[in-house]
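What follows is one structure encoded as structure tokens, with my remarks underneath.
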Amino acid sequence: MSRLHPLILPAIALVGGVLLAAALGPWPAWPPLAGAGLLLALTLERGLRGKGLSPYLLALACLLAGAGLLPLERAASLPPDHLLRLADGKTHQIEAVALSPAQPGGRGARLLAEARAVDGRAVSGLLRLSLAPELAPPPAGRRFALRVSLRPVTSLANPGGFDYAKFMADQGIWVQAYGGRNSGLRVLGAGDLPWPRARLLAARQRLAGQIGSLPFSQGRELLRALVLGQRGGLSAPLREAFGATGTAHLLAISGLHVGLVWGLAYALLRWLLAAWPGLALRWPVLKLAAALALLPAGAYAALAGGSTPTLRALVMIACLVAALWAARPYRPAGGLALAALVIGLLWPESPLTLSFQMSFVAVAAILLAAAPLARWLRGLAPGPRLAGALLGWLGLSGVVGLAVWPLAVQGFHQLPLYSLPANALLIPLVAMLTLPLALLAAGVGLLWSAGGQALFALAAWPAQGAVFLVQWLAGLPGAVRYLAGPGPWAVALLYAGALAALALPRRWAWGLGAGLGAAGLALWLGFSGPPLADGRLRAWVLDVGQGSATVARLPGGQVLVIDGGGWGGSDFDFGRQVIAPFLWGRGFNRVAVVACSHPDADHAGGLPFVARWFAPRQVWINGETAGGWYGRLLAIAREQGIPVLGPREIAALKELGGAELRLLWPPPGRDLAALSENDRSLWLGLGLERAWLWLPGDGGPQVERAVAPLLPEGGFQVLLGPHHGAKNSLTPALLERMQPQAVVFSSGCWGRWPSPNRRALGQALGAGAKVYGTNWQGCLELDSGGGAWSIRPTLDPPRECLAPRPGKSEPASPGGEAGPKPSNSGG
């Protein structure tokens with residue numbers, strides 16, 4: 001333990017307390033905080049008596065502090081005038097101040113704004129504002145007014161899915177708004193912001209304008225990400241390519257970027273100050289240059305938004321400067337521990353974020369293993385110094401990549417197999433060439449627009465080269481492997497084993513380290529596979545917004561994915577971002593069937609990814625050929641030799657995996673040209689003894705009347721609401737024949753046309769069915785052993801939605817009138 005810096009144990013304890021509170025809470029905040037205060041007082045008292053500061057008492061105090069600060073932060077109330085109180089999905093007149101330059105987002109532009117008034121009523125709070133392409137966004141720092149629809153930020157609530165609402169809430173953003181082309185956007189003048197903040201926003205706007213004046217390319221958008229921290233213009237395939245090569249960290253304003261700014265500023269200032277003889281003789285030039293270089297490093301961090309890695313880097317650099325001025329040896333591990341303590345105490349949610357975890361793990365790996373390994377490899381090279389440097393660079397990249405891969409696999413379900421060569425090539429190209437040019441352009445551009453724009457145009461060349469290189473690497477065969485990640489306890493054991501092996505005395509290191517690491521691997525491998533087949537029929541109706549996606553597990557263990565959600569005109573991949581994480585979280589690495597009821601984007605959007613990466617044995621379609629996501633699904637089936645079955649072949653399958661299978665529509669061989677695309681949807685049924693689940697796609701009233709006589713009578717039947725509960729769905733003929741136990745609606749929470757329609761909802765309730773909806777309850781899990789279905793929602797209590805639901809005629813104000821922050825867990 002004597003080898004460790006005295007701050008390391010308290011830093012680990014603080015992070016551990018936060019993680020413990022997140023895993024076991026909620027609990028009252030004041031008892032652990034009171035205990036932390038008492039222990040801290042005892043520690044200080046011992047120090048004043050000359051007995052020294054005990055790192056163990058300090059660590060225990062930090063453990064209790066972390067366990068108390070997290071519930072204290074989560075229990076904090078939003079102010080009574082917060083914008084969330086008025087986010088009801090309706091149109092309002094708002095006044096706000098733009099807090100960021102607009103960036104590409106969706107079909108138009110997107111920016112962060114601070115609300116000032118809604119319908120003439122003073123309010124507070126941040127909102128994410130999306131604007132139609134026809135609108136000219138307001139400049140950063142300016143006050144503006146327009147009519148928008150206000151709604152809470154919500155997540156797609158699926159087990160194992162990304163909690164977008166919590167991610168936004170951690171940034172203080174609870175509300176999102178959309179302004180259409182007829183919203184009457186007006187810029188009113190300068191915003192009432194403090195002078196430093198106004199000048200910072202003016203600088204961001206100036207640089208955004210210079211970057212935006214370049215011809216559109218993904219290289220230009222990479223510059224925007226590197227300089228301003230705005231990644232909205234990067235295409236989804238490009239972001240996925242960076243992830244697939246293990247280089248996604250280059251897209252964020254990381255500690256590497258801040259450290260580079262400080263280093264360049266230090267070198268320049270040292271040269272300039274040394275060239276001034278009178279100053280150099282009176283002042284310590286090295287110390288002065290190091291301290292002054294903090295100013296551009298801090299300015300860059302503020303310019304780019306101040307993320308956790310940038311704050312960590314600034315604290316470590318400040319520690320280095322302080323040690324230099326105090327003429328004391330600098331121990332980077334102490335700076336890293338102090339950064340963790342500062343960030344954890346000020347923002348207790350931070351240790352729960354992947355950004356915090358990967359940033360600190362990467363730097364810890366450099367300090368504990370990568371730097372010694374790099375020195376050893378450089379010493380092995382018998383030839384020129386360049387060969388030794390190259391070996392050292394590869395060793396450092398390899399250790400850092402190995403250190404973060406458990407977190408990367410857990411968070412992104414990706415194992416980038418070419419991470420080592422990708423980082424070895426792209427870090428010099430992006431961080432050592434593109435970034436310095438871009439930062440030079442930014443510095444010049446703040447003083448001379450034409451010069452800055454010319455330098456940005458020059459920096460766009462290596463940026464575009466990096467885009468080409470990362471896309472080429474990601475396209476190589478076997479570049480990435482997708483898999484279910486280790487659970488949090490497995491990750492904790494793996495890192496505990498690595499820390500023990502690297503930090504403990506040798507007599508303990510390898511034995512304890514190997515034991516903990518083996519336990520972590522065993523825990524991962526033991527729980528990463530699918531559960532054993534148990535003879536039950538299960539299904540999960542996923543929350544995919546205004547769309548449909550169902551995962552079914554048959555009694556024999558086979559998995560079917562029926563429809564995949566999606567948004568028309570969007571490159572958001574529901575397969576990669578929604579369906580696959582759910583499947584991996586359940587241990588489903590393979591599926592037996594991918595079925596697409598019809599080609600609409602809100603049903604086909606997620607299926608190409610599932611077909612490519614989950615090795616389905618069959619693809620089921622309604623027989624149509626079309627482009628878009630549906631076309632990609634068919635193309636992948638052809639590439640991989642997956643049999644594609646149409647209605648005739650599906651109808652011949654009467655049993656699958658121990659479950660009955662029925663295709664009620666469309667009838668094989670019938671000419672369906674006269675029917676609408678929706679009415680050509682597959683109508684599938686899965687049954688086990690007396691239990692049936694019916695998946696009708698978007699079939700309309702005509703189809704309902706045609707299939708009603710074909711339905712089995714009696715038993716326990718659950719129906720997925722046809723066409724998301726459209727106005728004319730759920731005809732009396734269908735409901736009288738089926739007598740459903742439940743009707744489940746798959747639809748969006750705050751869409752333009754809320755569903756289910758009130759008429760359809762009333763029809764279902766009038767038939768005596770229980771009604772469920774993904775829009776207010778999230779993912780719905782259905783389970784039957786052949787009798788009555790058990791249906792469990794993900795969200796309980798349900799979230800507020802604009803769409804109607806049983807027992808609620810109008811949506812309530814999402815935030816209520818007062819009280820604590822609304823929960824975002826999965827909602």
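Here's how to read the names in the structure tokens: chain A, B, ... by the order shown, residue numbers from 1 in each chain, ligand numbers from 1 in the order shown.
Residues lying within 12 Å of Leu675 of chain A, counting only C-alpha atoms and ignoring same-chain neighbours fewer than 3 positions away, are Pro666, Arg670, Asp671, Leu672, Asn678, Asp679, Arg680, Ser681, Gly699, Gly700, Pro701, Gln702 and Val703 of chain A.
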I'd like to know which residues of segment 52-111 of chain A are strand (DSSP E or B) (by DSSP, run on the backbone); could you write them as an MDAnalysis selection string? chainID A and resid 77 82 91:98 103:105 108:111
Which residue, A:Leu228, A:Ile211, A:Trp508, A:Leu273, has the smallest gap to Ala450 of chain A when you use only C-alpha atoms?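 Nearest to Ala450 of chain A: A:Ile211.
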Give me, as a ChimeraX atom specification, all polymer residues having an atom no more than 9 Å from segment 199-204 of chain A, counting only C-alpha atoms and skipping those fewer than 2 positions away in the same chain. /A:98-101,139-141,194-197,206-209,228,299,302-304,446
Limited to C-alpha atoms, could you put the picked residues into a file as a tab-separated table (two decimals), in the first residue's frame?
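What landed in part_13.tsv:
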chain	number	residue	atom	x	y	z
A	98	ALA	CA	-29.41	30.29	-27.63
A	99	LEU	CA	-26.60	28.69	-25.62
A	100	SER	CA	-24.81	26.95	-28.50
A	101	PRO	CA	-24.26	27.40	-32.21
A	139	PRO	CA	-26.93	32.86	-33.28
A	140	ALA	CA	-25.46	31.70	-29.99
A	141	GLY	CA	-25.98	34.22	-27.22
A	194	PRO	CA	-22.97	37.50	-18.03
A	195	TRP	CA	-20.17	39.08	-20.06
A	196	PRO	CA	-17.72	36.11	-19.92
A	197	ARG	CA	-20.40	33.67	-21.00
A	206	ARG	CA	-17.79	32.78	-34.90
A	207	LEU	CA	-15.89	29.51	-35.21
A	208	ALA	CA	-19.04	27.57	-36.09
A	209	GLY	CA	-19.68	30.03	-38.92
A	228	LEU	CA	-16.67	22.69	-30.72
A	299	ALA	CA	-10.41	28.20	-22.73
A	302	ALA	CA	-14.82	25.74	-22.03
A	303	LEU	CA	-15.14	26.35	-25.77
A	304	ALA	CA	-15.81	22.65	-26.36
A	446	LEU	CA	-11.03	34.51	-33.45
Shortest contact to Val363 of chain A, candidates A:Ile94, A:Met316, A:Leu269, A:Leu64, atoms counted only C-alpha atoms, goes to A:Met316
Given only C-alpha atoms as the counted atoms, nearest of A:Tyr56, A:Trp683, A:Trp692, A:Tyr178 to Ser130 of chain A: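 Nearest to Ser130 of chain A: A:Tyr178.
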For the helix (DSSP H, G or I) assignment from backbone DSSP, which residues of segment 414-637 of chain A qualify? Please present them as a compact mmCIF listing (two decimals) with C-alpha atoms, in the first residue's frame.
# COMPACT_ATOMS: atom_id res chain seq x y z
CA SER A 419 -8.29 -1.41 -32.47
CA LEU A 420 -4.50 -1.53 -32.18
CA PRO A 421 -3.61 -0.64 -35.79
CA ALA A 422 -6.56 1.75 -36.03
CA ASN A 423 -5.41 3.75 -33.01
CA ALA A 424 -1.80 3.60 -34.11
CA LEU A 425 -2.78 5.18 -37.45
CA LEU A 426 -5.63 7.47 -36.49
CA ILE A 427 -4.29 9.03 -33.28
CA PRO A 428 -1.34 10.64 -35.12
CA LEU A 429 -3.55 11.66 -38.05
CA VAL A 430 -6.36 13.12 -35.93
CA ALA A 431 -4.75 14.17 -32.66
CA MET A 432 -1.27 15.09 -33.93
CA LEU A 433 -2.09 16.63 -37.30
CA THR A 434 -5.77 17.48 -37.76
CA LEU A 435 -6.36 18.77 -34.23
CA PRO A 436 -3.31 21.12 -34.09
CA LEU A 437 -4.26 22.57 -37.46
CA ALA A 438 -7.86 22.98 -36.34
CA LEU A 439 -6.83 24.63 -33.08
CA LEU A 440 -4.46 26.95 -34.92
CA ALA A 441 -7.33 27.81 -37.26
CA ALA A 442 -9.57 28.51 -34.26
CA GLY A 443 -6.99 30.77 -32.63
CA VAL A 444 -6.41 32.71 -35.84
CA GLY A 445 -10.10 32.73 -36.69
CA LEU A 446 -11.03 34.51 -33.45
CA LEU A 447 -8.78 37.38 -34.54
CA SER A 449 -11.90 35.42 -39.96
CA ALA A 450 -10.43 35.02 -43.45
CA GLY A 451 -7.20 33.54 -42.09
CA GLY A 452 -9.07 31.18 -39.79
CA GLN A 453 -11.32 29.99 -42.59
CA ALA A 454 -8.30 29.31 -44.81
CA LEU A 455 -6.66 27.26 -42.07
CA PHE A 456 -9.89 25.35 -41.43
CA ALA A 457 -9.96 24.53 -45.16
CA LEU A 458 -6.41 23.21 -44.83
CA ALA A 459 -7.30 21.16 -41.74
CA ALA A 460 -10.25 19.64 -43.61
CA TRP A 461 -7.81 17.66 -45.81
CA PRO A 462 -6.33 15.44 -43.07
CA ALA A 463 -9.77 15.32 -41.44
CA GLN A 464 -11.26 13.89 -44.61
CA GLY A 465 -8.31 11.51 -44.83
CA ALA A 466 -9.13 10.28 -41.31
CA VAL A 467 -12.76 9.77 -42.36
CA PHE A 468 -11.67 7.71 -45.36
CA LEU A 469 -9.22 5.67 -43.28
CA VAL A 470 -11.67 4.85 -40.49
CA GLN A 471 -14.36 3.84 -42.97
CA TRP A 472 -11.88 1.62 -44.83
CA LEU A 473 -10.71 -0.05 -41.62
CA ALA A 474 -14.28 -0.58 -40.42
CA PRO A 488 -21.16 -4.83 -13.86
CA TRP A 489 -19.94 -7.35 -11.28
CA ALA A 490 -17.84 -9.15 -13.88
CA VAL A 491 -16.32 -5.82 -14.97
CA ALA A 492 -15.58 -4.91 -11.34
CA LEU A 493 -13.80 -8.25 -10.76
CA LEU A 494 -11.76 -7.90 -13.96
CA TYR A 495 -10.53 -4.45 -12.99
CA ALA A 496 -9.93 -5.48 -9.39
CA GLY A 497 -7.74 -8.31 -10.66
CA ALA A 498 -5.81 -5.99 -12.97
CA LEU A 499 -5.29 -3.43 -10.18
CA ALA A 500 -4.14 -6.12 -7.75
CA ALA A 501 -1.63 -7.51 -10.26
CA LEU A 502 -0.19 -4.07 -11.04
CA ALA A 503 -0.27 -2.32 -7.66
CA ARG A 506 4.69 -9.18 -5.69
CA ARG A 507 3.93 -11.85 -3.13
CA TRP A 508 0.23 -10.95 -3.43
CA ALA A 509 -0.03 -9.45 -6.90
CA TRP A 510 -0.18 -12.33 -9.35
CA GLY A 511 -2.08 -14.81 -7.25
CA LEU A 512 -4.81 -12.41 -6.16
CA GLY A 513 -4.90 -10.67 -9.52
CA ALA A 514 -5.25 -13.92 -11.46
CA GLY A 515 -7.93 -15.19 -9.06
CA LEU A 516 -10.06 -12.07 -9.32
CA GLY A 517 -9.63 -11.92 -13.09
CA ALA A 518 -10.60 -15.57 -13.49
CA ALA A 519 -13.67 -15.01 -11.31
CA GLY A 520 -14.67 -12.08 -13.52
CA LEU A 521 -14.28 -14.12 -16.71
CA ALA A 522 -16.21 -17.04 -15.20
CA LEU A 523 -19.02 -14.71 -14.15
CA TRP A 524 -19.14 -13.19 -17.63
CA LEU A 525 -19.08 -16.47 -19.53
CA GLY A 526 -21.43 -18.19 -17.11
CA PHE A 527 -24.19 -15.62 -17.48
CA PHE A 574 -33.14 0.57 -34.35
CA GLY A 575 -31.49 -2.80 -34.83
CA ARG A 576 -28.12 -1.61 -33.56
CA GLN A 577 -29.38 0.79 -30.91
CA VAL A 578 -32.57 -0.86 -29.57
CA ILE A 579 -33.21 -4.47 -30.62
CA ALA A 580 -29.66 -5.82 -30.45
CA PRO A 581 -28.91 -4.48 -26.93
CA PHE A 582 -32.14 -6.09 -25.74
CA LEU A 583 -31.21 -9.42 -27.32
CA TRP A 584 -27.65 -9.31 -25.95
CA GLY A 585 -28.96 -8.40 -22.52
CA ALA A 601 -39.90 1.99 -42.24
CA ASP A 602 -41.51 1.85 -38.78
CA HIS A 603 -41.63 -1.96 -39.08
CA ALA A 604 -38.53 -2.75 -41.15
CA LEU A 607 -34.19 -5.71 -39.13
CA PRO A 608 -31.13 -5.38 -41.43
CA PHE A 609 -28.74 -5.22 -38.45
CA VAL A 610 -30.41 -8.22 -36.80
CA ALA A 611 -30.21 -10.19 -40.03
CA ARG A 612 -26.53 -9.37 -40.48
CA TRP A 613 -25.29 -10.07 -36.95
CA GLY A 628 -35.07 1.57 -47.89
CA TRP A 629 -34.59 -0.52 -44.76
CA TYR A 630 -36.70 -3.32 -46.21
CA GLY A 631 -34.50 -3.42 -49.31
CA ARG A 632 -31.40 -3.63 -47.12
CA LEU A 633 -32.94 -6.59 -45.29
CA LEU A 634 -33.45 -8.45 -48.56
CA ALA A 635 -29.96 -7.56 -49.76
CA ILE A 636 -28.37 -8.95 -46.58
CA ALA A 637 -30.42 -12.13 -46.92
7 Å contact set for Leu542 of chain A, only C-alpha atoms, chain neighbours under 2 positions out, as a ChimeraX atom specification: /A:158,540,544,549-550,779-780
Of the candidates A:Ala275, A:Leu314, A:Leu33, A:Leu127, which one gets nearest to Val258 of chain A if we count only C-alpha atoms?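 Among the listed residues, A:Leu314 lies closest to Val258 of chain A.
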Who sits within 10 Å of Glu73 of chain A, only C-alpha atoms, same chain under 2 positions skipped, as a PyMOL selection string: chain A and resi 29+68-71+75-77+346-349+821
Write to file, as an mmCIF file, in the first residue's frame, the residues of the selection just made, with C-alpha atoms.
data_model
loop_
_atom_site.group_PDB
_atom_site.id
_atom_site.type_symbol
_atom_site.label_atom_id
_atom_site.label_comp_id
_atom_site.auth_asym_id
_atom_site.auth_seq_id
_atom_site.Cartn_x
_atom_site.Cartn_y
_atom_site.Cartn_z
ATOM 1 C CA ALA A 29 -28.824 10.851 2.162
ATOM 2 C CA GLY A 68 -24.843 10.088 0.531
ATOM 3 C CA LEU A 69 -24.148 12.619 -2.205
ATOM 4 C CA LEU A 70 -25.742 10.568 -4.989
ATOM 5 C CA PRO A 71 -29.192 10.212 -3.326
ATOM 6 C CA ALA A 75 -33.656 13.972 -4.524
ATOM 7 C CA ALA A 76 -33.113 17.601 -5.509
ATOM 8 C CA SER A 77 -36.257 19.346 -6.700
ATOM 9 C CA LEU A 346 -19.126 18.163 -7.368
ATOM 10 C CA TRP A 347 -21.084 15.896 -9.731
ATOM 11 C CA PRO A 348 -21.882 12.587 -7.962
ATOM 12 C CA GLU A 349 -23.602 11.177 -11.051
ATOM 13 C CA LYS A 821 -37.256 15.640 -10.146
#
Nearest to Arg481 of chain A, chosen from A:Ala244, A:Thr731, A:Arg538, A:Gln205, with only C-alpha atoms counted in the distances: A:Ala244
Using only C-alpha atoms, find the one residue out of A:Leu504, A:Ala659, A:Val718, A:Val315 that sits nearest to Pro332 of chain A. A:Val315
